[in-house]
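Trainee: Sharing run.cif, mmCIF, C-alpha atoms:
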data_work
loop_
_atom_site.group_PDB
_atom_site.id
_atom_site.type_symbol
_atom_site.label_atom_id
_atom_site.label_comp_id
_atom_site.auth_asym_id
_atom_site.auth_seq_id
_atom_site.Cartn_x
_atom_site.Cartn_y
_atom_site.Cartn_z
ATOM 1 C CA MET A 3 94.662 -89.146 -22.941
ATOM 2 C CA ASN A 4 96.974 -89.654 -20.048
ATOM 3 C CA PRO A 5 95.405 -92.101 -17.624
ATOM 4 C CA ALA A 6 98.454 -91.952 -15.397
ATOM 5 C CA HIS A 7 97.378 -88.542 -14.159
ATOM 6 C CA PHE A 8 93.685 -89.244 -13.745
ATOM 7 C CA VAL A 9 92.478 -89.120 -10.144
ATOM 8 C CA LEU A 10 88.803 -89.535 -9.322
ATOM 9 C CA ASP A 11 87.298 -86.426 -7.757
ATOM 10 C CA GLU A 12 87.007 -86.827 -3.975
ATOM 11 C CA ARG A 13 83.334 -85.933 -3.830
ATOM 12 C CA LEU A 14 82.420 -88.393 -6.578
ATOM 13 C CA ALA A 15 84.457 -91.030 -4.778
ATOM 14 C CA ALA A 16 82.641 -90.378 -1.497
ATOM 15 C CA GLU A 17 79.150 -90.444 -3.016
ATOM 16 C CA SER A 18 79.475 -93.559 -5.174
ATOM 17 C CA GLN A 19 80.820 -97.106 -5.305
ATOM 18 C CA PRO A 20 82.803 -98.704 -8.129
ATOM 19 C CA LEU A 21 80.695 -100.918 -10.382
ATOM 20 C CA CYS A 22 82.787 -101.681 -13.436
ATOM 21 C CA ARG A 23 85.434 -100.378 -15.758
ATOM 22 C CA PHE A 24 84.587 -99.623 -19.383
ATOM 23 C CA GLU A 25 87.299 -98.896 -21.933
ATOM 24 C CA LEU A 26 87.170 -95.133 -21.365
ATOM 25 C CA SER A 27 85.109 -94.654 -18.214
ATOM 26 C CA ASP A 28 84.819 -95.873 -14.677
ATOM 27 C CA VAL A 29 81.194 -96.731 -13.972
ATOM 28 C CA ARG A 30 80.066 -96.112 -10.411
ATOM 29 C CA LEU A 31 76.816 -96.643 -8.518
ATOM 30 C CA MET A 32 75.637 -93.561 -6.641
ATOM 31 C CA ASN A 33 75.034 -94.468 -3.011
ATOM 32 C CA ASP A 34 71.442 -93.254 -3.066
ATOM 33 C CA ALA A 35 68.745 -95.902 -2.832
ATOM 34 C CA ASN A 36 66.118 -93.385 -3.962
ATOM 35 C CA TYR A 37 67.032 -94.038 -7.597
ATOM 36 C CA PRO A 38 69.042 -96.578 -9.596
ATOM 37 C CA TRP A 39 71.754 -94.064 -10.531
ATOM 38 C CA LEU A 40 75.054 -94.591 -12.297
ATOM 39 C CA ILE A 41 77.794 -92.153 -13.139
ATOM 40 C CA LEU A 42 80.411 -92.588 -15.850
ATOM 41 C CA VAL A 43 83.745 -90.876 -15.296
ATOM 42 C CA PRO A 44 86.147 -90.896 -18.249
ATOM 43 C CA ARG A 45 89.647 -91.636 -16.997
ATOM 44 C CA ILE A 46 91.138 -88.521 -18.533
ATOM 45 C CA ALA A 47 92.806 -85.891 -16.416
ATOM 46 C CA GLY A 48 91.572 -82.317 -16.531
ATOM 47 C CA VAL A 49 88.487 -82.743 -18.695
ATOM 48 C CA ARG A 50 85.424 -80.712 -17.688
ATOM 49 C CA GLU A 51 83.152 -80.537 -20.730
ATOM 50 C CA LEU A 52 81.951 -83.108 -23.258
ATOM 51 C CA ILE A 53 83.368 -80.820 -25.940
ATOM 52 C CA ASP A 54 86.813 -81.049 -24.332
ATOM 53 C CA LEU A 55 87.009 -84.682 -25.465
ATOM 54 C CA ASP A 56 88.540 -85.558 -28.799
ATOM 55 C CA ALA A 57 86.234 -87.086 -31.404
ATOM 56 C CA GLY A 58 87.135 -90.680 -30.581
ATOM 57 C CA GLN A 59 86.756 -90.222 -26.845
ATOM 58 C CA ARG A 60 83.446 -88.394 -27.318
ATOM 59 C CA ARG A 61 82.053 -91.167 -29.441
ATOM 60 C CA ARG A 62 83.202 -93.796 -26.992
ATOM 61 C CA LEU A 63 81.670 -91.950 -24.064
ATOM 62 C CA GLY A 64 78.369 -91.818 -25.966
ATOM 63 C CA ASP A 65 78.554 -95.558 -26.575
ATOM 64 C CA GLU A 66 79.404 -96.238 -22.929
ATOM 65 C CA THR A 67 76.596 -93.955 -21.736
ATOM 66 C CA ASP A 68 74.160 -95.941 -23.860
ATOM 67 C CA ARG A 69 75.530 -99.194 -22.494
ATOM 68 C CA ALA A 70 74.924 -97.962 -18.937
ATOM 69 C CA ALA A 71 71.430 -96.776 -19.916
ATOM 70 C CA ARG A 72 70.581 -100.182 -21.383
ATOM 71 C CA LEU A 73 71.868 -101.837 -18.235
ATOM 72 C CA LEU A 74 69.505 -99.786 -16.052
ATOM 73 C CA ARG A 75 66.648 -100.325 -18.491
ATOM 74 C CA ASP A 76 67.150 -104.087 -18.477
ATOM 75 C CA ALA A 77 67.590 -104.288 -14.712
ATOM 76 C CA PHE A 78 64.768 -101.999 -13.595
ATOM 77 C CA ARG A 79 62.357 -101.300 -16.496
ATOM 78 C CA PRO A 80 62.073 -97.615 -15.530
ATOM 79 C CA ARG A 81 59.430 -95.175 -16.733
ATOM 80 C CA LYS A 82 62.187 -92.917 -18.092
ATOM 81 C CA LEU A 83 65.952 -92.679 -18.293
ATOM 82 C CA ASN A 84 67.645 -89.396 -17.445
ATOM 83 C CA VAL A 85 71.081 -88.724 -18.948
ATOM 84 C CA ALA A 86 73.011 -85.597 -18.022
ATOM 85 C CA ALA A 87 76.435 -84.001 -17.908
ATOM 86 C CA LEU A 88 76.115 -81.010 -15.579
ATOM 87 C CA GLY A 89 79.229 -80.489 -13.459
ATOM 88 C CA ASN A 90 78.324 -77.198 -11.825
ATOM 89 C CA VAL A 91 79.456 -78.507 -8.437
ATOM 90 C CA VAL A 92 81.998 -81.208 -9.326
ATOM 91 C CA ALA A 93 83.960 -79.976 -12.312
ATOM 92 C CA GLN A 94 85.491 -83.348 -13.278
ATOM 93 C CA LEU A 95 83.568 -84.609 -16.301
ATOM 94 C CA HIS A 96 80.981 -87.193 -15.300
ATOM 95 C CA VAL A 97 77.776 -88.356 -16.940
ATOM 96 C CA HIS A 98 74.721 -89.259 -14.882
ATOM 97 C CA VAL A 99 72.462 -92.111 -16.031
ATOM 98 C CA ILE A 100 69.420 -92.445 -13.802
ATOM 99 C CA ALA A 101 66.405 -94.748 -13.895
ATOM 100 C CA ARG A 102 63.256 -92.805 -13.029
ATOM 101 C CA PHE A 103 59.880 -93.975 -11.815
ATOM 102 C CA GLU A 104 56.597 -92.210 -11.269
ATOM 103 C CA ASP A 105 56.752 -93.133 -7.581
ATOM 104 C CA ASP A 106 60.324 -91.992 -6.966
ATOM 105 C CA PRO A 107 60.703 -89.096 -4.515
ATOM 106 C CA ALA A 108 61.577 -86.439 -7.118
ATOM 107 C CA TRP A 109 59.314 -87.414 -10.042
ATOM 108 C CA PRO A 110 58.809 -85.700 -12.465
ATOM 109 C CA ALA A 111 61.510 -83.208 -11.446
ATOM 110 C CA PRO A 112 65.201 -83.931 -12.007
ATOM 111 C CA VAL A 113 66.777 -85.695 -9.032
ATOM 112 C CA TRP A 114 69.343 -83.088 -8.032
ATOM 113 C CA GLY A 115 68.606 -81.092 -4.925
ATOM 114 C CA ARG A 116 65.194 -82.628 -4.248
ATOM 115 C CA VAL A 117 65.566 -85.049 -1.350
ATOM 116 C CA GLU A 118 68.527 -86.130 0.736
ATOM 117 C CA ALA A 119 70.450 -89.117 -0.545
ATOM 118 C CA ARG A 120 69.326 -92.333 1.144
ATOM 119 C CA PRO A 121 72.429 -94.557 1.430
ATOM 120 C CA TYR A 122 72.051 -98.265 0.759
ATOM 121 C CA SER A 123 72.471 -100.669 3.664
ATOM 122 C CA PRO A 124 75.710 -102.641 3.237
ATOM 123 C CA GLU A 125 73.696 -105.718 2.249
ATOM 124 C CA ALA A 126 71.529 -103.852 -0.244
ATOM 125 C CA LEU A 127 74.579 -102.204 -1.781
ATOM 126 C CA ILE A 128 76.282 -105.544 -2.356
ATOM 127 C CA GLU A 129 73.080 -107.024 -3.747
ATOM 128 C CA ARG A 130 72.578 -104.173 -6.189
ATOM 129 C CA ILE A 131 76.179 -104.247 -7.397
ATOM 130 C CA ASP A 132 75.979 -108.028 -7.831
ATOM 131 C CA LEU A 133 72.768 -107.667 -9.842
ATOM 132 C CA LEU A 134 74.240 -105.074 -12.187
ATOM 133 C CA GLN A 135 77.585 -106.805 -12.585
ATOM 134 C CA GLY A 136 75.743 -110.031 -13.363
ATOM 135 C CA LEU A 137 73.773 -108.346 -16.132
ATOM 136 C CA LEU A 138 76.951 -106.795 -17.540
ATOM 137 C CA HIS A 139 78.478 -110.211 -17.941
ATOM 138 C CA THR A 140 75.523 -111.870 -19.657
ATOM 139 C CA MET B 20 63.538 -92.599 -39.627
ATOM 140 C CA ASN B 21 60.298 -91.256 -40.974
ATOM 141 C CA PRO B 22 60.383 -87.453 -40.873
ATOM 142 C CA ALA B 23 56.961 -87.287 -42.544
ATOM 143 C CA HIS B 24 55.336 -88.300 -39.282
ATOM 144 C CA PHE B 25 57.393 -86.132 -36.969
ATOM 145 C CA VAL B 26 55.427 -83.396 -35.209
ATOM 146 C CA LEU B 27 57.072 -81.183 -32.624
ATOM 147 C CA ASP B 28 55.581 -81.608 -29.154
ATOM 148 C CA GLU B 29 53.153 -78.775 -28.357
ATOM 149 C CA ARG B 30 54.792 -77.851 -25.089
ATOM 150 C CA LEU B 31 58.269 -77.685 -26.629
ATOM 151 C CA ALA B 32 56.818 -75.566 -29.428
ATOM 152 C CA ALA B 33 55.201 -73.169 -26.944
ATOM 153 C CA GLU B 34 58.321 -72.749 -24.796
ATOM 154 C CA SER B 35 60.904 -72.232 -27.532
ATOM 155 C CA GLN B 36 61.613 -70.516 -30.832
ATOM 156 C CA PRO B 37 63.163 -72.071 -33.944
ATOM 157 C CA LEU B 38 66.851 -71.275 -34.343
ATOM 158 C CA CYS B 39 68.164 -73.570 -37.058
ATOM 159 C CA ARG B 40 67.853 -76.951 -38.662
ATOM 160 C CA PHE B 41 70.673 -79.466 -38.343
ATOM 161 C CA GLU B 42 70.705 -82.649 -40.413
ATOM 162 C CA LEU B 43 68.920 -84.706 -37.762
ATOM 163 C CA SER B 44 67.617 -82.174 -35.246
ATOM 164 C CA ASP B 45 65.683 -78.963 -35.039
ATOM 165 C CA VAL B 46 67.566 -76.548 -32.796
ATOM 166 C CA ARG B 47 65.373 -74.202 -30.780
ATOM 167 C CA LEU B 48 66.051 -71.375 -28.336
ATOM 168 C CA MET B 49 64.164 -71.710 -25.061
ATOM 169 C CA ASN B 50 62.217 -68.535 -24.410
ATOM 170 C CA ASP B 51 63.832 -67.964 -21.021
ATOM 171 C CA ALA B 52 66.212 -65.054 -20.738
ATOM 172 C CA ASN B 53 67.558 -66.405 -17.431
ATOM 173 C CA TYR B 54 69.938 -68.684 -19.331
ATOM 174 C CA PRO B 55 71.218 -69.106 -22.887
ATOM 175 C CA TRP B 56 69.395 -72.389 -23.433
ATOM 176 C CA LEU B 57 69.000 -74.488 -26.575
ATOM 177 C CA ILE B 58 67.115 -77.697 -27.177
ATOM 178 C CA LEU B 59 67.771 -80.170 -29.962
ATOM 179 C CA VAL B 60 64.816 -82.223 -31.137
ATOM 180 C CA PRO B 61 65.601 -85.059 -33.560
ATOM 181 C CA ARG B 62 62.993 -85.108 -36.290
ATOM 182 C CA ILE B 63 62.058 -88.739 -35.696
ATOM 183 C CA ALA B 64 58.546 -89.723 -34.731
ATOM 184 C CA GLY B 65 57.958 -91.671 -31.544
ATOM 185 C CA VAL B 66 61.450 -91.598 -30.046
ATOM 186 C CA ARG B 67 61.683 -91.092 -26.273
ATOM 187 C CA GLU B 68 65.112 -92.310 -25.200
ATOM 188 C CA LEU B 69 68.625 -91.794 -26.557
ATOM 189 C CA ILE B 70 68.886 -95.588 -26.697
ATOM 190 C CA ASP B 71 65.841 -95.706 -28.991
ATOM 191 C CA LEU B 72 67.957 -94.144 -31.753
ATOM 192 C CA ASP B 73 69.850 -96.327 -34.166
ATOM 193 C CA ALA B 74 73.640 -96.122 -34.068
ATOM 194 C CA GLY B 75 73.924 -93.584 -36.876
ATOM 195 C CA GLN B 76 71.240 -91.310 -35.458
ATOM 196 C CA ARG B 77 72.750 -91.534 -31.984
ATOM 197 C CA ARG B 78 76.168 -90.562 -33.250
ATOM 198 C CA ARG B 79 74.751 -87.703 -35.246
ATOM 199 C CA LEU B 80 72.778 -86.411 -32.287
ATOM 200 C CA GLY B 81 75.984 -86.467 -30.233
ATOM 201 C CA ASP B 82 77.757 -84.481 -32.926
ATOM 202 C CA GLU B 83 74.890 -81.987 -33.176
ATOM 203 C CA THR B 84 74.746 -81.630 -29.388
ATOM 204 C CA ASP B 85 78.437 -80.774 -29.388
ATOM 205 C CA ARG B 86 77.917 -78.273 -32.181
ATOM 206 C CA ALA B 87 75.199 -76.544 -30.135
ATOM 207 C CA ALA B 88 77.446 -76.604 -27.059
ATOM 208 C CA ARG B 89 80.319 -74.992 -28.987
ATOM 209 C CA LEU B 90 77.919 -72.368 -30.284
ATOM 210 C CA LEU B 91 76.896 -71.378 -26.736
ATOM 211 C CA ARG B 92 80.505 -71.505 -25.569
ATOM 212 C CA ASP B 93 81.661 -69.238 -28.372
ATOM 213 C CA ALA B 94 78.743 -66.829 -27.985
ATOM 214 C CA PHE B 95 78.645 -66.507 -24.197
ATOM 215 C CA ARG B 96 81.854 -67.921 -22.640
ATOM 216 C CA PRO B 97 79.890 -69.592 -19.820
ATOM 217 C CA ARG B 98 81.328 -70.947 -16.574
ATOM 218 C CA LYS B 99 79.872 -74.375 -17.425
ATOM 219 C CA LEU B 100 77.794 -76.116 -20.047
ATOM 220 C CA ASN B 101 74.951 -78.370 -18.958
ATOM 221 C CA VAL B 102 73.832 -81.111 -21.359
ATOM 222 C CA ALA B 103 70.860 -83.299 -20.518
ATOM 223 C CA ALA B 104 68.207 -85.603 -21.943
ATOM 224 C CA LEU B 105 65.538 -85.909 -19.257
ATOM 225 C CA GLY B 106 62.032 -86.076 -20.704
ATOM 226 C CA ASN B 107 60.076 -86.828 -17.544
ATOM 227 C CA VAL B 108 57.477 -84.204 -18.453
ATOM 228 C CA VAL B 109 57.729 -84.003 -22.260
ATOM 229 C CA ALA B 110 58.316 -87.503 -23.542
ATOM 230 C CA GLN B 111 59.447 -86.509 -27.071
ATOM 231 C CA LEU B 112 63.231 -86.908 -27.163
ATOM 232 C CA HIS B 113 64.972 -83.562 -26.739
ATOM 233 C CA VAL B 114 68.431 -82.629 -25.531
ATOM 234 C CA HIS B 115 69.023 -79.528 -23.438
ATOM 235 C CA VAL B 116 72.232 -77.538 -23.907
ATOM 236 C CA ILE B 117 72.476 -74.698 -21.413
ATOM 237 C CA ALA B 118 75.147 -72.078 -20.745
ATOM 238 C CA ARG B 119 75.552 -71.586 -17.002
ATOM 239 C CA PHE B 120 77.042 -68.713 -15.035
ATOM 240 C CA GLU B 121 77.821 -68.244 -11.378
ATOM 241 C CA ASP B 122 75.402 -65.311 -11.268
ATOM 242 C CA ASP B 123 72.476 -67.035 -12.989
ATOM 243 C CA PRO B 124 69.369 -67.499 -10.834
ATOM 244 C CA ALA B 125 69.729 -71.259 -10.325
ATOM 245 C CA TRP B 126 73.519 -71.645 -9.973
ATOM 246 C CA PRO B 127 74.910 -74.157 -9.037
ATOM 247 C CA ALA B 128 71.671 -76.158 -9.153
ATOM 248 C CA PRO B 129 70.271 -77.471 -12.435
ATOM 249 C CA VAL B 130 67.884 -75.000 -14.058
ATOM 250 C CA TRP B 131 64.706 -77.058 -14.003
ATOM 251 C CA GLY B 132 62.093 -76.054 -11.466
ATOM 252 C CA ARG B 133 64.140 -73.290 -9.856
ATOM 253 C CA VAL B 134 62.745 -69.982 -11.055
ATOM 254 C CA GLU B 135 59.960 -69.053 -13.438
ATOM 255 C CA ALA B 136 60.949 -68.662 -17.062
ATOM 256 C CA ARG B 137 61.612 -65.018 -17.948
ATOM 257 C CA PRO B 138 60.503 -64.569 -21.566
ATOM 258 C CA TYR B 139 62.637 -62.436 -23.865
ATOM 259 C CA SER B 140 61.214 -59.147 -25.085
ATOM 260 C CA PRO B 141 60.446 -59.378 -28.824
ATOM 261 C CA GLU B 142 63.503 -57.228 -29.573
ATOM 262 C CA ALA B 143 65.824 -59.230 -27.325
ATOM 263 C CA LEU B 144 64.583 -62.492 -28.817
ATOM 264 C CA ILE B 145 65.316 -61.335 -32.355
ATOM 265 C CA GLU B 146 68.721 -60.034 -31.294
ATOM 266 C CA ARG B 147 69.663 -63.301 -29.631
ATOM 267 C CA ILE B 148 68.536 -65.413 -32.561
ATOM 268 C CA ASP B 149 70.431 -63.141 -34.974
ATOM 269 C CA LEU B 150 73.568 -63.455 -32.847
ATOM 270 C CA LEU B 151 73.433 -67.237 -32.754
ATOM 271 C CA GLN B 152 72.499 -67.658 -36.406
ATOM 272 C CA GLY B 153 75.345 -65.348 -37.333
ATOM 273 C CA LEU B 154 77.840 -67.492 -35.426
ATOM 274 C CA LEU B 155 76.468 -70.652 -37.040
ATOM 275 C CA HIS B 156 77.218 -69.269 -40.462
ATOM 276 C CA THR B 157 80.775 -68.177 -39.785
#
Is it possible to express this structure as structure tokens?

Mentor:
Amino acid sequence: MNPAHFVLDERLAAESQPLCRFELSDVRLMNDANYPWLILVPRIAGVRELIDLDAGQRRRLGDETDRAARLLRDAFRPRKLNVAALGNVVAQLHVHVIARFEDDPAWPAPVWGRVEARPYSPEALIERIDLLQGLLHT
Amino acid sequence: MNPAHFVLDERLAAESQPLCRFELSDVRLMNDANYPWLILVPRIAGVRELIDLDAGQRRRLGDETDRAARLLRDAFRPRKLNVAALGNVVAQLHVHVIARFEDDPAWPAPVWGRVEARPYSPEALIERIDLLQGLLHT
């Protein structure tokens, strides 16, 4: 692990906002008001697959993924959580954690490629980040 | 954990074939020749979310997911691995591990809902299961 060489992928940076920093991962809120949607990006340069992580990193990423999932569950009481590491478009390893509802615009399909992202208003973005950061610190 | 009450979901059973039994999970091959595609189903009754597992089960499922991912990597040398726990349609907890290629019919989109499943011929199904079981035992 060499955090000095980690640089967040430009596309991930453009599509999401920083939420918090876990021990291994940066947690970011996707700027898409269609779904409460977090991504976790381990701060490790050059990693593409979950199986590229060493055992300790892999375990920690699992723990941090669960922590993000519990955060969304507690904040939004979704019908279902979706957890995925895909990376076909953005190769840098990132894990999606998404709160899904029966009335969301993609249900019951996965969210990718269904409807255009609907960016938060500046006020709504701040409000959502405040809500989630508040829950993280309780 | 009460394996006596675990029953595989009917839809998962219909769409996949048994491949092997890990300590926690049944590993099954999805009957879709478009992609080398495994699912892991922990033999625990009533579990829907990764965060419903206890810490030991969760860790083991992560380890078993990685083992399935390495199996597909070693067998097929894919461009990318996709790992996901979605469950919007089939609530029973199951983890997808899919080998993706730039010439597969959904690339670079996720596989769900893109093209109809293309069942293996009986001969091709046996051949694929033999290949994967052989690699598991080396």

Trainee: Let me make sure I understand: among A:Ala86, A:Ala93, A:Ala119, A:Val99, which one has the smallest atom-to-atom distance to chain B if we use all atoms listed in the file?

Mentor: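 Of the candidates, the smallest distance to chain B is held by A:Ala86.
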
Trainee: Convert the output of the PyMOL selection byres ((chain B and resi 119) around 7) on the shown file into explicit residues, formatted as number ranges by chain.

Mentor: B: 54, 97-100, 117-118, 120-121, 123

Trainee: Please list as a PyMOL selection string every residue within 9 Å of Ala52 (chain B), counting all atoms listed in the file and excluding residues in the same chain fewer than 4 positions away.

Mentor: chain B and resi 56+136-140+143-144

Trainee: Applied to this file, what does the PyMOL selection byres ((chain B and resi 88) around 9) return in terms of residues, put as a PyMOL selection string?

Mentor: (chain A and resi 52-53) or (chain B and resi 57+83-87+89-93+100-102+116-118)

Trainee: From the list A:Pro38, A:His96, A:Leu63, A:Ala87, which residue is nearest Ala15 (chain A) when using all atoms listed in the file?

Mentor: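 When distances to Ala15 (chain A) are compared using all atoms listed in the file, the smallest one comes from A:His96.
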
Trainee: Reconstruct region 79-89 of chain A at the level of all heavy atoms, and format the result as a PDB file, in the frame of the given file.

Mentor:
ATOM      1  N   ARG A  79      63.525-101.682 -15.698  1.00  0.00           N
ATOM      2  CA  ARG A  79      62.357-101.300 -16.496  1.00  0.00           C
ATOM      3  C   ARG A  79      61.759 -99.967 -16.035  1.00  0.00           C
ATOM      4  O   ARG A  79      60.602 -99.882 -15.647  1.00  0.00           O
ATOM      5  CB  ARG A  79      61.292-102.412 -16.444  1.00  0.00           C
ATOM      6  CG  ARG A  79      61.783-103.736 -17.016  1.00  0.00           C
ATOM      7  CD  ARG A  79      61.819-103.692 -18.516  1.00  0.00           C
ATOM      8  NE  ARG A  79      62.750-104.694 -19.068  1.00  0.00           N
ATOM      9  CZ  ARG A  79      63.132-104.726 -20.337  1.00  0.00           C
ATOM     10  NH1 ARG A  79      62.686-103.812 -21.184  1.00  0.00           N
ATOM     11  NH2 ARG A  79      63.969-105.627 -20.781  1.00  0.00           N
ATOM     12  N   PRO A  80      62.566 -98.900 -16.040  1.00  0.00           N
ATOM     13  CA  PRO A  80      62.073 -97.615 -15.530  1.00  0.00           C
ATOM     14  C   PRO A  80      61.059 -96.970 -16.475  1.00  0.00           C
ATOM     15  O   PRO A  80      60.955 -97.326 -17.656  1.00  0.00           O
ATOM     16  CB  PRO A  80      63.346 -96.765 -15.452  1.00  0.00           C
ATOM     17  CG  PRO A  80      64.229 -97.340 -16.508  1.00  0.00           C
ATOM     18  CD  PRO A  80      63.957 -98.822 -16.509  1.00  0.00           C
ATOM     19  N   ARG A  81      60.343 -95.996 -15.933  1.00  0.00           N
ATOM     20  CA  ARG A  81      59.430 -95.175 -16.733  1.00  0.00           C
ATOM     21  C   ARG A  81      60.218 -94.315 -17.703  1.00  0.00           C
ATOM     22  O   ARG A  81      59.784 -94.082 -18.824  1.00  0.00           O
ATOM     23  CB  ARG A  81      58.633 -94.293 -15.762  1.00  0.00           C
ATOM     24  CG  ARG A  81      57.740 -93.264 -16.384  1.00  0.00           C
ATOM     25  CD  ARG A  81      56.433 -93.886 -16.804  1.00  0.00           C
ATOM     26  NE  ARG A  81      55.468 -92.851 -17.177  1.00  0.00           N
ATOM     27  CZ  ARG A  81      55.472 -92.210 -18.347  1.00  0.00           C
ATOM     28  NH1 ARG A  81      56.358 -92.506 -19.269  1.00  0.00           N
ATOM     29  NH2 ARG A  81      54.574 -91.282 -18.594  1.00  0.00           N
ATOM     30  N   LYS A  82      61.389 -93.829 -17.264  1.00  0.00           N
ATOM     31  CA  LYS A  82      62.187 -92.917 -18.092  1.00  0.00           C
ATOM     32  C   LYS A  82      63.635 -93.018 -17.655  1.00  0.00           C
ATOM     33  O   LYS A  82      63.910 -93.253 -16.471  1.00  0.00           O
ATOM     34  CB  LYS A  82      61.671 -91.478 -17.890  1.00  0.00           C
ATOM     35  CG  LYS A  82      62.210 -90.460 -18.863  1.00  0.00           C
ATOM     36  CD  LYS A  82      61.695 -90.659 -20.273  1.00  0.00           C
ATOM     37  CE  LYS A  82      62.430 -89.769 -21.289  1.00  0.00           C
ATOM     38  NZ  LYS A  82      63.849 -90.153 -21.461  1.00  0.00           N
ATOM     39  N   LEU A  83      64.531 -92.820 -18.605  1.00  0.00           N
ATOM     40  CA  LEU A  83      65.952 -92.679 -18.293  1.00  0.00           C
ATOM     41  C   LEU A  83      66.314 -91.199 -18.345  1.00  0.00           C
ATOM     42  O   LEU A  83      65.845 -90.475 -19.235  1.00  0.00           O
ATOM     43  CB  LEU A  83      66.793 -93.465 -19.292  1.00  0.00           C
ATOM     44  CG  LEU A  83      66.636 -94.992 -19.183  1.00  0.00           C
ATOM     45  CD1 LEU A  83      67.098 -95.675 -20.462  1.00  0.00           C
ATOM     46  CD2 LEU A  83      67.410 -95.533 -17.982  1.00  0.00           C
ATOM     47  N   ASN A  84      67.116 -90.772 -17.413  1.00  0.00           N
ATOM     48  CA  ASN A  84      67.645 -89.396 -17.445  1.00  0.00           C
ATOM     49  C   ASN A  84      69.147 -89.486 -17.659  1.00  0.00           C
ATOM     50  O   ASN A  84      69.836 -90.229 -16.941  1.00  0.00           O
ATOM     51  CB  ASN A  84      67.384 -88.670 -16.125  1.00  0.00           C
ATOM     52  CG  ASN A  84      65.921 -88.295 -15.884  1.00  0.00           C
ATOM     53  OD1 ASN A  84      65.590 -87.763 -14.827  1.00  0.00           O
ATOM     54  ND2 ASN A  84      65.025 -88.564 -16.831  1.00  0.00           N
ATOM     55  N   VAL A  85      69.652 -88.733 -18.619  1.00  0.00           N
ATOM     56  CA  VAL A  85      71.081 -88.724 -18.948  1.00  0.00           C
ATOM     57  C   VAL A  85      71.549 -87.276 -18.909  1.00  0.00           C
ATOM     58  O   VAL A  85      70.932 -86.415 -19.549  1.00  0.00           O
ATOM     59  CB  VAL A  85      71.333 -89.325 -20.346  1.00  0.00           C
ATOM     60  CG1 VAL A  85      72.808 -89.209 -20.729  1.00  0.00           C
ATOM     61  CG2 VAL A  85      70.874 -90.788 -20.393  1.00  0.00           C
ATOM     62  N   ALA A  86      72.605 -87.000 -18.157  1.00  0.00           N
ATOM     63  CA  ALA A  86      73.011 -85.597 -18.022  1.00  0.00           C
ATOM     64  C   ALA A  86      74.484 -85.455 -17.685  1.00  0.00           C
ATOM     65  O   ALA A  86      75.038 -86.223 -16.906  1.00  0.00           O
ATOM     66  CB  ALA A  86      72.182 -84.911 -16.928  1.00  0.00           C
ATOM     67  N   ALA A  87      75.092 -84.455 -18.276  1.00  0.00           N
ATOM     68  CA  ALA A  87      76.435 -84.001 -17.908  1.00  0.00           C
ATOM     69  C   ALA A  87      76.275 -82.559 -17.439  1.00  0.00           C
ATOM     70  O   ALA A  87      76.028 -81.670 -18.254  1.00  0.00           O
ATOM     71  CB  ALA A  87      77.383 -84.094 -19.101  1.00  0.00           C
ATOM     72  N   LEU A  88      76.353 -82.340 -16.144  1.00  0.00           N
ATOM     73  CA  LEU A  88      76.115 -81.010 -15.579  1.00  0.00           C
ATOM     74  C   LEU A  88      77.433 -80.436 -15.078  1.00  0.00           C
ATOM     75  O   LEU A  88      78.031 -79.595 -15.716  1.00  0.00           O
ATOM     76  CB  LEU A  88      75.071 -81.114 -14.461  1.00  0.00           C
ATOM     77  CG  LEU A  88      73.724 -81.753 -14.881  1.00  0.00           C
ATOM     78  CD1 LEU A  88      72.796 -81.928 -13.692  1.00  0.00           C
ATOM     79  CD2 LEU A  88      73.042 -80.930 -15.966  1.00  0.00           C
ATOM     80  N   GLY A  89      77.892 -80.878 -13.906  1.00  0.00           N
ATOM     81  CA  GLY A  89      79.229 -80.489 -13.459  1.00  0.00           C
ATOM     82  C   GLY A  89      79.338 -79.098 -12.890  1.00  0.00           C
ATOM     83  O   GLY A  89      80.428 -78.532 -12.841  1.00  0.00           O
TER      84      GLY A  89
END
